[in-house]
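Here the structure comes first, spelled out in structure tokens, and everything after it is commentary.
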Amino acid sequence: MHELSIAEAIINSTLDEVSKHEGCKVEEVGLRIGTLSGVMPDALEFAYEIAVRDTALDGSRISMEIVPATGICSECGESCSFEMTPFICLACGSFKIDLKGGYELDIAYIRIESP
């Protein structure tokens, strides 16, 4: 389960950032996760809950925004969003799609409680 290593990286990055704000408690870490990132949101949430135990983030939660796959058709230039594969242009039916989004795995925000 690579979600555990992802959760640990999120925790380490969050701890690095909040160390700059003495005495603050993290309430929530907001993530942007692309549908093509290979991350399973439920597994990541479970891994995060386990990995934060006995850390300065214990009691915090993660919030996830799922980012759809997006692309531009190489045939007609239409921008498209995709729910599932195969990626087909809705305007012209072409399979020639240049994917532009959906691979995200970003910390979008850290919500802290001030002392």
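Please note that chains go A, B, ... in the order of the structure tokens, that every chain numbers its residues from 1, and that ligands are numbered from 1 in the order shown.
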With a distance cut-off of 9 Å and only C-alpha atoms, select the neighbouring residues of Asp98 of chain A, excluding the residue or stretch itself and same-chain residues fewer than 2 positions from it, and output the selection as number ranges by chain. A: 70-74, 96, 100
Residues near Ala47 of chain A, anyone? I mean within 8 Å using only C-alpha atoms, not counting same-chain ones fewer than 3 positions away, as a PyMOL selection string. chain A and resi 3-4+7+43-44+50-51
Write out as a list of chain:residue names the residues lying within 12 Å of Val39 of chain A, counting only C-alpha atoms and excluding same-chain residues fewer than 2 positions away. A:Met1, A:His2, A:Glu3, A:Leu4, A:Ser5, A:Ile6, A:Ala7, A:Leu31, A:Arg32, A:Ile33, A:Gly34, A:Thr35, A:Leu36, A:Ser37, A:Pro41, A:Asp42, A:Ala43, A:Leu44, A:Glu45, A:Ala47, A:Met64, A:Ile66, A:Val67, A:Gly102, A:Tyr103, A:Glu104, A:Leu105, A:Asp106
Those residues you just picked out, can you put them in a file as an mmCIF file, in the first residue's frame with C-alpha atoms?
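The result, stored in part_39.cif:
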data_model
loop_
_atom_site.group_PDB
_atom_site.id
_atom_site.type_symbol
_atom_site.label_atom_id
_atom_site.label_comp_id
_atom_site.auth_asym_id
_atom_site.auth_seq_id
_atom_site.Cartn_x
_atom_site.Cartn_y
_atom_site.Cartn_z
ATOM 1 C CA MET A 1 0.000 0.000 0.000
ATOM 2 C CA HIS A 2 1.906 3.036 -1.241
ATOM 3 C CA GLU A 3 -0.714 5.304 0.333
ATOM 4 C CA LEU A 4 1.096 4.913 3.668
ATOM 5 C CA SER A 5 4.298 6.382 2.225
ATOM 6 C CA ILE A 6 2.245 9.170 0.629
ATOM 7 C CA ALA A 7 0.566 9.875 3.986
ATOM 8 C CA LEU A 31 -5.299 17.799 -0.720
ATOM 9 C CA ARG A 32 -5.873 17.885 -4.475
ATOM 10 C CA ILE A 33 -5.768 14.360 -5.896
ATOM 11 C CA GLY A 34 -6.001 13.668 -9.609
ATOM 12 C CA THR A 35 -7.990 10.705 -10.846
ATOM 13 C CA LEU A 36 -4.913 9.546 -12.783
ATOM 14 C CA SER A 37 -2.511 9.850 -9.815
ATOM 15 C CA PRO A 41 -8.547 8.231 -1.543
ATOM 16 C CA ASP A 42 -10.072 5.821 0.999
ATOM 17 C CA ALA A 43 -6.748 4.044 1.501
ATOM 18 C CA LEU A 44 -4.939 7.387 1.862
ATOM 19 C CA GLU A 45 -7.416 8.592 4.469
ATOM 20 C CA ALA A 47 -3.185 5.535 6.173
ATOM 21 C CA MET A 64 -9.603 15.675 -0.516
ATOM 22 C CA ILE A 66 -10.689 14.891 -6.524
ATOM 23 C CA VAL A 67 -9.397 16.460 -9.756
ATOM 24 C CA GLY A 102 -5.530 14.476 -13.455
ATOM 25 C CA TYR A 103 -2.076 13.557 -12.155
ATOM 26 C CA GLU A 104 -2.133 16.052 -9.256
ATOM 27 C CA LEU A 105 -1.167 15.129 -5.726
ATOM 28 C CA ASP A 106 -0.774 18.436 -3.919
#
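Proximity to Pro68 of chain A was assessed for A:Leu99, A:Ala91, A:Ala108, A:Cys24 counting only C-alpha atoms; the smallest distance is recorded for A:Leu99.
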Among chain A, which ones does DSSP place in strand (DSSP E or B), written as number ranges by chain? A: 25-34, 61-67, 69-73, 79-82, 97-101, 105-113
Those of segment 41-87 of chain A in DSSP alpha helix (DSSP H), formatted as a ChimeraX atom specification: /A:41-51
Same residues, C-alpha atoms, output as a short mmCIF file (atom, residue, chain, number, x, y, z; two decimals), in the first residue's frame:
data_model
loop_
_atom_site.label_atom_id
_atom_site.label_comp_id
_atom_site.auth_asym_id
_atom_site.auth_seq_id
_atom_site.Cartn_x
_atom_site.Cartn_y
_atom_site.Cartn_z
CA PRO A 41 -8.55 8.23 -1.54
CA ASP A 42 -10.07 5.82 1.00
CA ALA A 43 -6.75 4.04 1.50
CA LEU A 44 -4.94 7.39 1.86
CA GLU A 45 -7.42 8.59 4.47
CA PHE A 46 -6.99 5.35 6.43
CA ALA A 47 -3.18 5.53 6.17
CA TYR A 48 -3.20 9.18 7.31
CA GLU A 49 -5.29 8.37 10.38
CA ILE A 50 -2.79 5.69 11.38
CA ALA A 51 0.36 7.66 10.53
#
